[in-house]
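Asks: What follows is coords-v6.txt, made up of compact mmCIF, C-alpha atoms:
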# COMPACT_ATOMS: atom_id res chain seq x y z
CA MET C 893 -20.59 -53.87 154.32
CA GLY C 894 -19.34 -57.17 155.68
CA ARG C 895 -21.39 -60.28 155.65
CA GLN C 896 -23.65 -61.06 158.54
CA ARG C 897 -22.16 -62.58 161.61
CA THR C 898 -23.07 -66.20 161.79
CA PHE C 899 -22.07 -66.79 165.39
CA ASP C 900 -23.22 -65.84 168.86
CA GLU C 901 -20.72 -63.24 170.05
CA ASP C 902 -21.80 -63.79 173.64
CA GLU C 903 -21.10 -67.52 173.50
CA VAL C 904 -17.74 -66.98 171.79
CA VAL C 905 -16.57 -64.57 174.48
CA ARG C 906 -17.71 -66.97 177.21
CA ALA C 907 -15.82 -69.83 175.56
CA ALA C 908 -12.75 -67.59 175.25
CA VAL C 909 -12.87 -67.06 179.05
CA GLY C 910 -12.35 -70.80 179.45
CA LEU C 911 -9.56 -70.97 176.89
CA PHE C 912 -7.62 -67.93 178.15
CA GLY C 913 -8.24 -68.97 181.74
CA GLY C 914 -6.58 -72.33 181.23
CA ARG C 915 -3.44 -71.37 179.35
CA ALA C 916 -0.97 -68.50 179.12
CA TYR C 917 -1.80 -65.82 176.54
CA ASP C 918 1.07 -66.74 174.24
CA GLY C 919 0.03 -70.38 174.47
CA VAL C 920 -3.31 -69.63 172.83
CA SER C 921 -2.88 -69.25 169.07
CA VAL C 922 -5.42 -67.86 166.65
CA ASP C 923 -5.68 -71.43 165.32
CA ASP C 924 -6.68 -72.53 168.84
CA LEU C 925 -9.31 -69.79 169.00
CA VAL C 926 -10.69 -70.67 165.56
CA THR C 927 -10.83 -74.38 166.47
CA HIS C 928 -12.23 -74.10 170.00
CA LEU C 929 -14.61 -71.21 169.50
CA GLY C 930 -15.99 -72.42 166.19
CA VAL C 931 -15.61 -69.02 164.54
CA HIS C 932 -14.08 -68.24 161.17
CA ARG C 933 -10.79 -66.42 161.33
CA ASN C 934 -12.18 -63.51 159.32
CA SER C 935 -15.18 -63.12 161.64
CA LEU C 936 -12.87 -63.22 164.64
CA TYR C 937 -10.78 -60.35 163.29
CA LYS C 938 -13.81 -58.43 162.09
CA THR C 939 -15.58 -58.68 165.44
CA PHE C 940 -12.73 -58.28 167.92
CA GLY C 941 -10.00 -56.56 165.87
CA SER C 942 -7.22 -58.74 167.25
CA LYS C 943 -6.44 -61.59 169.63
CA ARG C 944 -5.86 -58.95 172.29
CA GLY C 945 -9.28 -57.45 171.53
CA LEU C 946 -10.90 -60.83 172.18
CA TYR C 947 -8.76 -61.35 175.29
CA LEU C 948 -9.91 -58.01 176.76
CA ALA C 949 -13.54 -58.87 175.99
CA ALA C 950 -13.08 -62.26 177.68
CA LEU C 951 -11.37 -60.72 180.71
CA ARG C 952 -14.16 -58.15 181.14
CA ARG C 953 -16.75 -60.89 180.81
CA HIS C 954 -14.97 -62.97 183.47
CA LEU C 955 -14.78 -59.99 185.83
CA GLY C 956 -18.48 -59.24 185.29
CA ASP C 957 -19.80 -62.82 185.36
CA ASP C 958 -17.50 -64.49 187.89
CA VAL C 959 -15.63 -61.91 189.96
CA ARG C 960 -18.40 -59.36 190.58
CA PRO C 961 -20.81 -62.00 191.97
CA LEU C 962 -17.99 -63.13 194.26
CA ALA C 963 -17.55 -59.57 195.55
CA GLU C 964 -21.32 -59.32 196.11
CA ALA C 965 -21.33 -62.58 198.07
CA LEU C 966 -18.28 -61.49 200.07
CA ALA C 967 -20.04 -58.28 201.10
CA ALA C 968 -22.45 -60.43 203.15
CA ALA C 969 -19.81 -62.73 204.67
CA PRO C 970 -20.11 -62.93 208.48
CA ASP C 971 -16.50 -64.00 209.14
CA ALA C 972 -13.08 -64.67 207.60
CA ALA C 973 -13.81 -68.40 207.33
CA THR C 974 -16.74 -67.63 205.01
CA VAL C 975 -14.56 -65.21 203.01
CA LEU C 976 -11.98 -67.91 202.46
CA ARG C 977 -14.60 -70.50 201.56
CA LEU C 978 -16.19 -68.17 198.99
CA VAL C 979 -12.85 -67.21 197.40
CA THR C 980 -11.56 -70.77 197.16
CA ALA C 981 -14.87 -71.97 195.67
CA ALA C 982 -15.03 -69.25 192.98
CA ASP C 983 -13.89 -69.70 189.37
CA LEU C 984 -11.00 -67.23 189.22
CA GLY C 985 -8.83 -68.92 186.59
CA LEU C 986 -8.60 -66.06 184.12
CA LEU C 987 -8.22 -63.39 186.82
CA LEU C 988 -5.29 -65.21 188.45
CA LEU C 989 -3.63 -65.93 185.12
CA ALA C 990 -4.14 -62.30 184.01
CA VAL C 991 -2.45 -61.03 187.18
CA VAL C 992 0.65 -63.11 186.54
CA ASP C 993 0.76 -63.36 182.75
CA ARG C 994 -0.71 -60.24 181.13
CA ALA C 995 -0.98 -57.44 183.71
CA PRO C 996 2.81 -56.82 183.74
CA ALA C 997 2.79 -56.49 179.92
CA ASP C 998 -0.51 -54.73 179.31
CA GLU C 999 -1.64 -51.58 181.13
CA GLU C 1000 -5.27 -52.08 180.24
CA VAL C 1001 -5.25 -55.59 181.71
CA ALA C 1002 -3.40 -54.28 184.78
CA ALA C 1003 -6.07 -51.61 185.34
CA GLU C 1004 -8.93 -54.12 184.95
CA VAL C 1005 -7.50 -56.65 187.41
CA ALA C 1006 -6.47 -53.95 189.90
CA ALA C 1007 -10.03 -52.59 189.93
CA ALA C 1008 -11.50 -56.09 190.33
CA LEU C 1009 -9.18 -56.93 193.23
CA ALA C 1010 -9.91 -53.58 194.86
CA GLY C 1011 -13.62 -54.45 194.63
CA ILE C 1012 -12.98 -57.72 196.46
CA ASP C 1013 -10.89 -55.95 199.13
CA GLN C 1014 -13.62 -53.38 199.69
CA ALA C 1015 -16.35 -56.03 199.95
CA ILE C 1016 -14.33 -57.90 202.59
CA ALA C 1017 -13.53 -54.71 204.49
CA ASP C 1018 -17.22 -53.77 204.59
CA ALA C 1019 -18.38 -57.26 205.56
CA LEU C 1020 -15.87 -57.83 208.37
CA HIS C 1021 -15.65 -54.17 209.48
CA ILE C 1022 -11.87 -54.12 209.06
CA PRO C 1023 -9.51 -51.61 207.38
CA THR C 1024 -9.16 -51.98 203.58
CA ALA C 1025 -5.44 -52.72 203.91
CA LEU C 1026 -6.15 -55.65 206.22
CA ALA C 1027 -8.90 -56.84 203.85
CA ALA C 1028 -6.36 -56.66 200.98
CA GLY C 1029 -4.06 -58.84 203.07
CA LEU C 1030 -6.85 -61.38 203.52
CA THR C 1031 -7.60 -61.29 199.76
CA ALA C 1032 -3.91 -61.86 199.02
CA ALA C 1033 -3.77 -64.78 201.45
CA ALA C 1034 -6.97 -66.30 200.04
CA LEU C 1035 -5.71 -66.05 196.43
CA GLY C 1036 -2.36 -67.47 197.54
CA ILE C 1037 -4.16 -70.42 199.12
CA VAL C 1038 -6.04 -70.96 195.83
CA LEU C 1039 -2.75 -70.87 193.90
CA ARG C 1040 -1.25 -73.44 196.25
CA GLY C 1041 -4.15 -75.80 195.65
CA ASN C 1042 -5.97 -75.09 198.92
CA PRO C 1043 -3.76 -77.33 201.08
CA ASP C 1044 -5.45 -79.02 204.06
CA GLY C 1045 -5.66 -76.99 207.22
CA VAL C 1046 -4.04 -73.82 205.90
CA GLY C 1047 -7.24 -71.85 205.42
CA ALA C 1048 -8.63 -73.01 208.75
CA ALA C 1049 -5.43 -72.07 210.61
CA LEU C 1050 -5.49 -68.58 209.11
CA THR C 1051 -9.16 -67.85 209.64
CA GLN C 1052 -9.26 -69.24 213.18
CA ARG C 1053 -6.56 -66.77 214.15
CA PHE C 1054 -8.25 -64.03 212.17
CA ASP C 1055 -11.77 -64.55 213.46
CA ARG C 1056 -10.65 -64.98 217.09
CA GLN C 1057 -8.68 -61.72 217.05
CA GLY C 1058 -11.44 -59.88 215.23
CA LYS C 1059 -14.02 -60.64 217.86
CA MET V 523 8.84 -58.61 153.99
CA ALA V 524 7.19 -55.51 155.33
CA LEU V 525 8.41 -52.81 157.69
CA VAL V 526 5.75 -51.45 160.01
CA HIS V 527 6.17 -48.20 161.89
CA ILE V 528 4.13 -45.43 163.43
CA ASP V 529 4.47 -41.92 162.02
CA GLY V 530 2.48 -39.41 164.09
CA ASP V 531 -1.15 -40.50 163.81
CA ASP V 532 -0.50 -42.94 160.96
CA LEU V 533 0.49 -46.55 160.62
CA VAL V 534 2.99 -46.86 157.77
CA VAL V 535 3.72 -50.15 156.03
CA VAL V 536 6.70 -50.27 153.67
CA ILE V 537 6.95 -53.28 151.37
CA GLU V 538 10.57 -54.24 150.90
CA GLY V 539 12.60 -55.62 148.01
CA LEU V 540 11.09 -57.49 145.11
CA ASP V 541 7.88 -58.07 147.08
CA LYS V 542 6.70 -54.63 146.00
CA LEU V 543 6.60 -55.87 142.40
CA TRP V 544 4.47 -58.87 143.26
CA ALA V 545 2.32 -56.87 145.63
CA PHE V 546 1.91 -53.92 143.24
CA LYS V 547 2.54 -51.66 146.22
CA SER V 548 5.57 -50.09 147.83
CA SER V 549 3.87 -48.60 150.85
CA LEU V 550 0.57 -48.10 152.65
CA THR V 551 -0.33 -45.28 155.04
CA ILE V 552 -3.33 -45.82 157.31
CA PRO V 553 -4.65 -43.42 159.98
CA LEU V 554 -4.35 -45.11 163.40
CA ALA V 555 -8.01 -44.25 163.95
CA ASN V 556 -8.79 -46.86 161.28
CA VAL V 557 -6.57 -49.55 162.79
CA ARG V 558 -8.41 -51.98 165.08
CA GLY V 559 -5.57 -54.22 166.19
CA ALA V 560 -2.63 -56.47 165.35
CA THR V 561 -2.17 -60.20 165.93
CA ALA V 562 0.69 -62.61 165.29
CA ASP V 563 -0.99 -65.39 163.30
CA PRO V 564 1.25 -68.06 161.75
CA GLY V 565 -1.82 -70.18 160.98
CA ILE V 566 -3.54 -67.73 158.64
CA ALA V 567 -1.43 -68.72 155.64
CA ALA V 568 -3.01 -72.17 155.70
CA ASP V 569 -6.53 -70.71 155.36
CA PRO V 570 -8.25 -70.06 152.02
CA LYS V 571 -7.14 -66.65 150.80
CA GLY V 572 -9.78 -66.02 148.15
CA ILE V 573 -9.29 -64.69 144.65
CA ARG V 574 -6.17 -62.74 143.80
CA ALA V 575 -6.28 -59.54 141.74
CA PRO V 576 -3.78 -58.03 141.27
CA GLY V 577 -0.70 -59.71 142.71
CA ALA V 578 1.24 -62.95 142.84
CA HIS V 579 0.29 -66.22 144.45
CA VAL V 580 2.61 -69.17 144.11
CA PRO V 581 1.38 -71.54 146.83
CA GLY V 582 4.20 -72.38 149.20
CA VAL V 583 6.42 -69.62 147.84
CA ILE V 584 4.83 -66.19 147.98
CA THR V 585 1.46 -64.64 148.66
CA ALA V 586 1.45 -60.98 147.70
CA GLY V 587 -1.11 -58.46 146.52
CA THR V 588 -4.82 -57.97 146.90
CA PHE V 589 -7.08 -60.93 147.61
CA HIS V 590 -10.86 -60.92 147.63
CA LEU V 591 -12.51 -63.11 150.25
CA ASP V 592 -16.16 -63.06 151.38
CA GLY V 593 -16.67 -59.61 149.91
CA GLU V 594 -13.61 -58.21 151.64
CA LYS V 595 -10.27 -57.07 150.25
CA VAL V 596 -7.25 -58.39 152.07
CA PHE V 597 -3.70 -57.26 151.36
CA TRP V 598 -1.07 -60.00 151.60
CA ASP V 599 2.71 -59.93 151.64
CA VAL V 600 3.90 -63.23 153.12
CA LYS V 601 6.57 -65.75 152.21
CA ASP V 602 7.29 -67.16 155.66
CA PRO V 603 3.96 -67.86 157.44
CA SER V 604 5.69 -68.17 160.83
CA LYS V 605 6.27 -64.40 160.71
CA ALA V 606 2.79 -63.35 159.63
CA VAL V 607 1.02 -60.51 161.43
CA VAL V 608 -2.62 -59.61 160.82
CA ILE V 609 -3.57 -55.93 161.05
CA GLU V 610 -7.34 -55.39 161.13
CA LEU V 611 -8.62 -52.15 159.59
CA ASP V 612 -11.88 -50.24 159.56
CA ASP V 613 -13.19 -47.86 156.87
CA GLU V 614 -10.23 -48.60 154.60
CA ARG V 615 -9.83 -50.03 151.11
CA TYR V 616 -8.53 -53.20 152.74
CA ALA V 617 -10.39 -55.00 155.50
CA ARG V 618 -7.07 -56.32 156.79
CA LEU V 619 -3.38 -56.60 156.02
CA VAL V 620 -1.48 -59.85 156.34
CA LEU V 621 2.21 -58.98 156.46
CA GLN V 622 5.44 -60.82 157.01
CA VAL V 623 7.54 -58.85 159.49
CA ASP V 624 10.93 -59.46 161.02
CA ASN V 625 9.70 -59.67 164.60
CA PRO V 626 5.96 -60.39 164.89
CA ARG V 627 5.86 -59.93 168.68
CA GLU V 628 7.50 -56.48 168.45
CA THR V 629 5.21 -55.38 165.63
CA VAL V 630 2.08 -56.48 167.51
CA THR V 631 3.19 -54.59 170.64
CA LEU V 632 4.06 -51.51 168.58
CA VAL V 633 0.65 -51.38 166.92
CA GLU V 634 -1.40 -52.31 170.00
CA ASN V 635 0.41 -49.72 172.12
CA ALA V 636 -0.22 -47.04 169.50
CA LEU V 637 -3.97 -47.75 169.74
CA ARG V 638 -4.29 -47.26 173.51
When written as structure tokens, how does the structure in this file appear?

Replies:
Amino acid sequence: MGRQRTFDEDEVVRAAVGLFGGRAYDGVSVDDLVTHLGVHRNSLYKTFGSKRGLYLAALRRHLGDDVRPLAEALAAAPDAATVLRLVTAADLGLLLLAVVDRAPADEEVAAEVAAALAGIDQAIADALHIPTALAAGLTAAALGIVLRGNPDGVGAALTQRFDRQGK
Amino acid sequence: MALVHIDGDDLVVVIEGLDKLWAFKSSLTIPLANVRGATADPGIAADPKGIRAPGAHVPGVITAGTFHLDGEKVFWDVKDPSKAVVIELDDERYARLVLQVDNPRETVTLVENALR
């Protein structure tokens, strides 16, 4: 029997989303987690098993809390301009970092992010009545625009072409 | 120093050299089903370790043996904190192992991959 948990697991996982979403996995030490999440080291290990265990919990939380609502909103988007606006406005920090940083090294992470991205593709395909492959292309472009800091005019140039041809 | 390897469905930890005297152990075999994860954690050596019995604890030199902290037993074998790996266990005599290994990153990957 361990001692009772004296922290809110839910809050800790949510805070971990912010920490892992802002820095590469190897850049977040257990000391960082202990300091920023306000949890004792022992409780952290007892609850999540490992740093990776906490990371997976945080990633799943991010996909459920931030990415799924985006997919739901995208499913009702009337045009590509709305799609781009929704994607660039969403908090996708941990998803984007996971794609680059952890997915190549961790099959479980790779499977989670692939499923989440497929969900976004499908929502766009359904909303704009376009093939899934084309929707995936639009998702890729939208995420690329986010990564490049949403430079002026780029999104508009893309969606104007897209929406004109789609009509 | 500890050597960590996977043997079938078990995680095997071999304590090397004189450490086995201080640690009162030469090896540990734990079913993978009771292993929850592994983490490289250089900072853990700076945390309170609890009460030692049996084993050796010369602060700054060696931490080896069984430590009791918050009602849990933790097995330590660490001289160089920068190479410390924490292996969390379930349903075992020890709640966790804190081991010094040659290559923490490799050991963490080895253990985490064995759990998938």

Asks: Go ahead and find all residues with at least one atom no further than 12 Å from (3.9, -55.3, 148.3) in the file's coordinates, using all atoms listed in the file; report them as an mmCIF file with C-alpha atoms, in the coordinates of the input.

Replies:
data_model
loop_
_atom_site.group_PDB
_atom_site.id
_atom_site.type_symbol
_atom_site.label_atom_id
_atom_site.label_comp_id
_atom_site.auth_asym_id
_atom_site.auth_seq_id
_atom_site.Cartn_x
_atom_site.Cartn_y
_atom_site.Cartn_z
ATOM 1 C CA MET V 523 8.840 -58.610 153.990
ATOM 2 C CA ALA V 524 7.190 -55.510 155.330
ATOM 3 C CA LEU V 525 8.410 -52.810 157.690
ATOM 4 C CA VAL V 535 3.720 -50.150 156.030
ATOM 5 C CA VAL V 536 6.700 -50.270 153.670
ATOM 6 C CA ILE V 537 6.950 -53.280 151.370
ATOM 7 C CA GLU V 538 10.570 -54.240 150.900
ATOM 8 C CA GLY V 539 12.600 -55.620 148.010
ATOM 9 C CA LEU V 540 11.090 -57.490 145.110
ATOM 10 C CA ASP V 541 7.880 -58.070 147.080
ATOM 11 C CA LYS V 542 6.700 -54.630 146.000
ATOM 12 C CA LEU V 543 6.600 -55.870 142.400
ATOM 13 C CA TRP V 544 4.470 -58.870 143.260
ATOM 14 C CA ALA V 545 2.320 -56.870 145.630
ATOM 15 C CA PHE V 546 1.910 -53.920 143.240
ATOM 16 C CA LYS V 547 2.540 -51.660 146.220
ATOM 17 C CA SER V 548 5.570 -50.090 147.830
ATOM 18 C CA SER V 549 3.870 -48.600 150.850
ATOM 19 C CA LEU V 550 0.570 -48.100 152.650
ATOM 20 C CA PRO V 576 -3.780 -58.030 141.270
ATOM 21 C CA GLY V 577 -0.700 -59.710 142.710
ATOM 22 C CA ALA V 578 1.240 -62.950 142.840
ATOM 23 C CA ILE V 584 4.830 -66.190 147.980
ATOM 24 C CA THR V 585 1.460 -64.640 148.660
ATOM 25 C CA ALA V 586 1.450 -60.980 147.700
ATOM 26 C CA GLY V 587 -1.110 -58.460 146.520
ATOM 27 C CA THR V 588 -4.820 -57.970 146.900
ATOM 28 C CA PHE V 597 -3.700 -57.260 151.360
ATOM 29 C CA TRP V 598 -1.070 -60.000 151.600
ATOM 30 C CA ASP V 599 2.710 -59.930 151.640
ATOM 31 C CA VAL V 600 3.900 -63.230 153.120
ATOM 32 C CA LYS V 601 6.570 -65.750 152.210
ATOM 33 C CA LEU V 619 -3.380 -56.600 156.020
ATOM 34 C CA VAL V 620 -1.480 -59.850 156.340
ATOM 35 C CA LEU V 621 2.210 -58.980 156.460
ATOM 36 C CA GLN V 622 5.440 -60.820 157.010
#

Asks: Expressed in Å to a single decimal, how great is the separation between atom CA of C:Val992 and atom CA of C:Val1038?

Replies: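 Between atom CA of C:Val992 and atom CA of C:Val1038 the gap is 13.9 Å.
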
Asks: Return as a Markdown table the residues of chain V lying at most 7 Å from chain C, together with the closest atom-to-atom pair for each and the distance in Å to one decimal, counting only C-alpha atoms, with rows in chain order and ascending residue number.

Replies:
| residue | atom | partner | partner_atom | distance |
| --- | --- | --- | --- | --- |
| V:Arg558 | CA | C:Gly941 | CA | 4.9 |
| V:Gly559 | CA | C:Ser942 | CA | 4.9 |
| V:Ala560 | CA | C:Ser942 | CA | 5.5 |
| V:Thr561 | CA | C:Ser942 | CA | 5.4 |
| V:Asp563 | CA | C:Val922 | CA | 6.1 |
| V:Gly565 | CA | C:Asp923 | CA | 5.9 |
| V:Gly593 | CA | C:Gly894 | CA | 6.8 |
| V:Glu610 | CA | C:Gly941 | CA | 5.6 |

Asks: Can I get the selected residues back with C-alpha atoms, as a short mmCIF file (atom, residue, chain, number, x, y, z; two decimals), in the coordinates of the input?

Replies:
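See part-v4.cif below for the written result:
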data_model
loop_
_atom_site.label_atom_id
_atom_site.label_comp_id
_atom_site.auth_asym_id
_atom_site.auth_seq_id
_atom_site.Cartn_x
_atom_site.Cartn_y
_atom_site.Cartn_z
CA ARG V 558 -8.41 -51.98 165.08
CA GLY V 559 -5.57 -54.22 166.19
CA ALA V 560 -2.63 -56.47 165.35
CA THR V 561 -2.17 -60.20 165.93
CA ASP V 563 -0.99 -65.39 163.30
CA GLY V 565 -1.82 -70.18 160.98
CA GLY V 593 -16.67 -59.61 149.91
CA GLU V 610 -7.34 -55.39 161.13
#

Asks: Around the point (-1.7, -69.2, 195.4), in the coordinates given by the file, pick out the residues reaching within 12 Å, counting only C-alpha atoms, and return them as a list in words.

Replies: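 Checking each residue against the 12 Å limit leaves Val979, Thr980, Leu984, Gly985, Leu988, Leu989, Val991, Val992, Thr1031, Ala1032, Ala1033, Ala1034, Leu1035, Gly1036, Ile1037, Val1038, Leu1039, Arg1040, Gly1041, Asn1042, Pro1043, Val1046 and Gly1047 of chain C.
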
Asks: Please compute the atom CA of V:Asp531-atom CA of V:Ala555 distance, one decimal, in Å.

Replies: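 Calculated distance between atom CA of V:Asp531 and atom CA of V:Ala555 is 7.8 Å.
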
Asks: Give me, please, the distance in Å between atom CA of C:Leu966 and atom CA of C:Ala995, quoted to one decimal.

Replies: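 The value is 24.2 Å.
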